[in-house]
Amino acid sequence: MALLSARVARTRLSASALAAQRARELRAKGVDIVELAQGEPDFNTPDHVIEAAYRAMRAGQTHYTPVDGTPELKDAIVRKFRRENGLDCRPENVSAGAGGKQVLHNALAATLDAGDEVVIPAPSWVAYADITAYLEGVPVWVPTREANGFKLSPQELERAITPRTKWLILNSPSNPSGAVYGADELRALAAVLERQPQVWILADDMYEHVLFDGRRFDTLAAVAPQLAPRTLTLNGCSKTFAMTGWRLGYACAPVELVRAMARLQAQSSLNPSSVSQAAAVAALTGPMDIVRSRCAEFQARRDAIVPRIAAIPGLRCAPPHGAFYLYVSCAGWLGKRTPQGKVLENDADVTAYLLESGVAVPNGTGYGLSPYFRASFATSLPVLEEACRRIDAAARGLGA
């Protein structure tokens, strides 16, 4: 008799989590591994945020809070969305949860029935498809083109939508490609969505402050306010403020959807950590100088690693416009033979070979578009340089 439910079989670890886990296992055995798998800034949480959390704990803010955020947090989020994004957001439009992933899960769980489709440009963060499948929805991957900067075109969107389509998920800047949609590109997509009133839009803006080369950030609900009544704008503290472990995500969404998400959250985790909420208030209302200086450091790392990777035989990558990942084409390695005699048939074989060579990276299959692998540059320059040296050595060890 089966002991586990069918939904367990629909749940899997992400490609990045698997690569990071394998790196930890090998390190525990004494193997020297350079890990570029995790999407986590190597900086610490800003001091003023940590101090705010300490003050909150000392003041007794260690108890239950309202399910989807304290009034203080919701006020800070409202002001953030109005100030930085030009969104007409009110406290009743705000949902806060234990990380952006929980907010995403709540939104899809509140709206998807079995067989409903979610349009996901490929490549995209693995959780979009995995959570959709877990909830008995149907992920509809739409392959984008490297020549188009891995961005979804209006024509590709139009072809992907069917009567069963419930959501479009749009991530800008993108994990894993670093693609950034400009205002005109968002308006072109909005023109398609205006003709499809059954489709909700989830704009994942988690990396909005990791932008390079002076680019401006635009979000769909501000560029196309006519779509705001069916748009959820997702964000969080993890990437902007190096608060991955604090687990605090938030969104601005229509009131009916926010209320449904709160009902679901009340029956799962209840409120996000009271201490994390106090820390998030300090992050969202405090100075942004440290965020800008860290973004400049990410850009310096990008500028250092892109030419190194591009010079490696058989690999190709363009400079990302945002976030802190490279999406590296390894098509030139396919069909090659490793020193152990293994023929590299796909990107999973490539990442397995790189792991043997001392570098842990996730393959592109998990992100919906092959043959690629993702490399995070949210780590120090010496670590990145050593990774490049090992990848280059791996390339030169391949035979025809």
# chains A, B, ... in the order shown; residues from 1 in each chain; ligands from 1
$ select_by_dssp --residues "region 20-187 of chain A" --states "strand (DSSP E)" --output "PyMOL selection string"
chain A and resi 34-35+94-97+117-122+138-143+165-171
$ residues_around --residues "region 295-300 of chain A" --least-positions-apart "5" --cutoff "7 Å" --atoms "only C-alpha atoms" --output "list in words"
Val210, Phe212, Phe324 and Ala378 of chain A
$ select_by_dssp --residues "region 173-351 of chain A" --states "alpha helix (DSSP H)" --output "ChimeraX atom specification"
/A:183-194,220-223,255-266,274-285,289-310,347-351
$ write_last_selection --atoms "C-alpha atoms" --output "compact mmCIF listing (two decimals), in the first residue's frame"
# COMPACT_ATOMS: atom_id res chain seq x y z
CA ALA A 183 8.62 49.76 -20.60
CA ASP A 184 7.92 49.47 -24.34
CA GLU A 185 8.42 45.69 -24.24
CA LEU A 186 6.01 45.42 -21.32
CA ARG A 187 3.43 47.55 -23.14
CA ALA A 188 3.65 45.24 -26.16
CA LEU A 189 2.96 42.22 -23.95
CA ALA A 190 0.17 44.13 -22.21
CA ALA A 191 -1.54 44.70 -25.58
CA VAL A 192 -1.82 40.91 -25.94
CA LEU A 193 -3.02 40.44 -22.36
CA GLU A 194 -5.74 43.07 -22.74
CA LEU A 220 3.98 45.78 -15.63
CA ALA A 221 1.19 47.09 -13.35
CA ALA A 222 2.72 50.58 -13.48
CA VAL A 223 3.41 50.55 -17.22
CA VAL A 255 -8.04 42.68 -2.65
CA GLU A 256 -10.05 39.54 -3.45
CA LEU A 257 -6.87 37.61 -4.23
CA VAL A 258 -5.05 38.92 -1.14
CA ARG A 259 -7.92 37.78 1.10
CA ALA A 260 -7.91 34.31 -0.45
CA MET A 261 -4.14 34.03 -0.03
CA ALA A 262 -4.48 35.00 3.65
CA ARG A 263 -7.04 32.24 4.22
CA LEU A 264 -4.66 29.68 2.77
CA GLN A 265 -1.68 30.99 4.72
CA ALA A 266 -3.71 30.82 7.94
CA SER A 274 7.45 38.72 13.77
CA VAL A 275 11.16 39.54 14.04
CA SER A 276 11.64 39.28 10.28
CA GLN A 277 8.73 41.62 9.75
CA ALA A 278 10.31 44.23 12.02
CA ALA A 279 13.59 43.82 10.14
CA ALA A 280 11.80 44.24 6.81
CA VAL A 281 10.25 47.52 7.97
CA ALA A 282 13.76 48.85 8.64
CA ALA A 283 15.00 47.57 5.28
CA LEU A 284 12.14 49.05 3.27
CA THR A 285 12.19 52.44 4.99
CA ASP A 289 23.18 53.50 -0.37
CA ILE A 290 24.40 50.02 0.59
CA VAL A 291 22.05 48.44 -1.99
CA ARG A 292 23.50 50.62 -4.75
CA SER A 293 27.11 49.94 -3.75
CA ARG A 294 26.48 46.19 -3.69
CA CYS A 295 24.87 46.35 -7.12
CA ALA A 296 28.02 48.06 -8.37
CA GLU A 297 30.04 45.17 -6.94
CA PHE A 298 27.82 42.66 -8.74
CA GLN A 299 28.38 44.55 -11.99
CA ALA A 300 32.15 44.49 -11.45
CA ARG A 301 31.98 40.73 -10.96
CA ARG A 302 29.86 40.35 -14.09
CA ASP A 303 32.31 42.39 -16.10
CA ALA A 304 35.19 40.25 -14.84
CA ILE A 305 33.61 36.81 -15.36
CA VAL A 306 31.75 37.20 -18.70
CA PRO A 307 34.87 37.53 -20.88
CA ARG A 308 36.56 34.71 -18.97
CA ILE A 309 33.64 32.34 -19.62
CA ALA A 310 33.20 33.51 -23.22
CA ASP A 347 23.51 19.78 -20.29
CA ALA A 348 22.96 17.38 -17.37
CA ASP A 349 26.02 15.47 -18.59
CA VAL A 350 27.91 18.76 -18.83
CA THR A 351 27.14 19.79 -15.25
$ residues_around --residues "region 364-377 of chain A" --least-positions-apart "6" --cutoff "6 Å" --atoms "only C-alpha atoms" --output "MDAnalysis selection string"
chainID A and resid 15 36 122:126 324:331 347
$ atom_distance --atom1 "CA of Val138 (chain A)" --atom2 "CA of Glu158 (chain A)"
17.3 Å
$ closest_residue --among "A:Gly100, A:Gly249, A:Pro313, A:Gly60" --to "Leu73 (chain A)" --atoms "only C-alpha atoms"
A:Gly249
$ atom_distance --atom1 "CA of Ala76 (chain A)" --atom2 "CA of Cys237 (chain A)"
12.3 Å
$ closest_atom_pairs --of "region 205-255 of chain A" --to "region 167-180 of chain A" --cutoff "7 Å" --atoms "only C-alpha atoms" --output "Markdown table"
| residue | atom | partner | partner_atom | distance |
| --- | --- | --- | --- | --- |
| A:Asp205 | CA | A:Ser172 | CA | 5.8 |
| A:Tyr207 | CA | A:Pro173 | CA | 5.6 |
| A:Glu208 | CA | A:Pro173 | CA | 6.3 |
$ residues_around --residues "region 19-29 of chain A" --least-positions-apart "3" --cutoff "6 Å" --atoms "only C-alpha atoms" --output "tab-separated table (two decimals) with C-alpha atoms, in the first residue's frame"
chain	number	residue	atom	x	y	z
A	16	SER	CA	20.14	24.83	-8.00
A	37	ALA	CA	24.79	27.08	-7.66
A	360	ALA	CA	28.98	22.89	-8.99
A	361	VAL	CA	26.42	24.55	-11.28
A	362	PRO	CA	22.79	23.66	-12.13
$ residues_around --residues "Cys388 (chain A)" --least-positions-apart "4" --cutoff "10 Å" --atoms "only C-alpha atoms" --output "ChimeraX atom specification"
/A:34,305-306,308-309,311-312,359,382-384,392-394
$ residues_around --residues "Glu136 (chain A)" --least-positions-apart "6" --cutoff "9 Å" --atoms "only C-alpha atoms" --output "list in words"
Arg7, Arg10, Leu112, Asp113, Ala114, Gly115 and Asp116 of chain A
$ decode --residues "region 172-191 of chain A" --atoms "N, CA and C atoms" --output "tab-separated table (two decimals), in the first residue's frame"
chain	number	residue	atom	x	y	z
A	172	SER	N	11.48	39.86	-14.14
A	172	SER	CA	12.42	40.84	-14.68
A	172	SER	C	12.97	41.68	-13.52
A	173	PRO	N	14.31	41.76	-13.39
A	173	PRO	CA	15.33	40.98	-14.09
A	173	PRO	C	15.15	39.48	-13.83
A	174	SER	N	15.58	38.70	-14.80
A	174	SER	CA	15.25	37.28	-14.79
A	174	SER	C	16.31	36.41	-14.12
A	175	ASN	N	15.84	35.48	-13.34
A	175	ASN	CA	16.61	34.32	-12.92
A	175	ASN	C	16.15	33.17	-13.81
A	176	PRO	N	17.01	32.64	-14.71
A	176	PRO	CA	18.47	32.66	-14.66
A	176	PRO	C	19.16	33.52	-15.73
A	177	SER	N	18.43	34.17	-16.61
A	177	SER	CA	19.07	34.75	-17.81
A	177	SER	C	19.57	36.17	-17.62
A	178	GLY	N	19.04	36.88	-16.61
A	178	GLY	CA	19.39	38.28	-16.45
A	178	GLY	C	18.66	39.21	-17.40
A	179	ALA	N	17.65	38.69	-18.11
A	179	ALA	CA	16.88	39.52	-19.04
A	179	ALA	C	16.10	40.59	-18.28
A	180	VAL	N	16.04	41.79	-18.85
A	180	VAL	CA	15.31	42.90	-18.26
A	180	VAL	C	14.36	43.47	-19.31
A	181	TYR	N	13.07	43.53	-18.97
A	181	TYR	CA	12.07	44.07	-19.89
A	181	TYR	C	11.94	45.57	-19.70
A	182	GLY	N	12.06	46.31	-20.80
A	182	GLY	CA	11.83	47.75	-20.77
A	182	GLY	C	10.36	48.08	-20.85
A	183	ALA	N	10.02	49.35	-20.63
A	183	ALA	CA	8.62	49.76	-20.60
A	183	ALA	C	7.91	49.47	-21.92
A	184	ASP	N	8.56	49.72	-23.04
A	184	ASP	CA	7.92	49.47	-24.34
A	184	ASP	C	7.67	47.97	-24.55
A	185	GLU	N	8.60	47.14	-24.11
A	185	GLU	CA	8.42	45.69	-24.24
A	185	GLU	C	7.26	45.22	-23.37
A	186	LEU	N	7.12	45.78	-22.19
A	186	LEU	CA	6.01	45.42	-21.32
A	186	LEU	C	4.68	45.88	-21.91
A	187	ARG	N	4.67	47.06	-22.51
A	187	ARG	CA	3.43	47.55	-23.14
A	187	ARG	C	3.02	46.64	-24.30
A	188	ALA	N	3.98	46.13	-25.04
A	188	ALA	CA	3.65	45.24	-26.16
A	188	ALA	C	3.04	43.93	-25.65
A	189	LEU	N	3.56	43.41	-24.55
A	189	LEU	CA	2.96	42.22	-23.95
A	189	LEU	C	1.57	42.54	-23.38
A	190	ALA	N	1.45	43.73	-22.78
A	190	ALA	CA	0.17	44.13	-22.21
A	190	ALA	C	-0.92	44.21	-23.28
A	191	ALA	N	-0.55	44.62	-24.50
A	191	ALA	CA	-1.54	44.70	-25.58
A	191	ALA	C	-2.13	43.33	-25.87
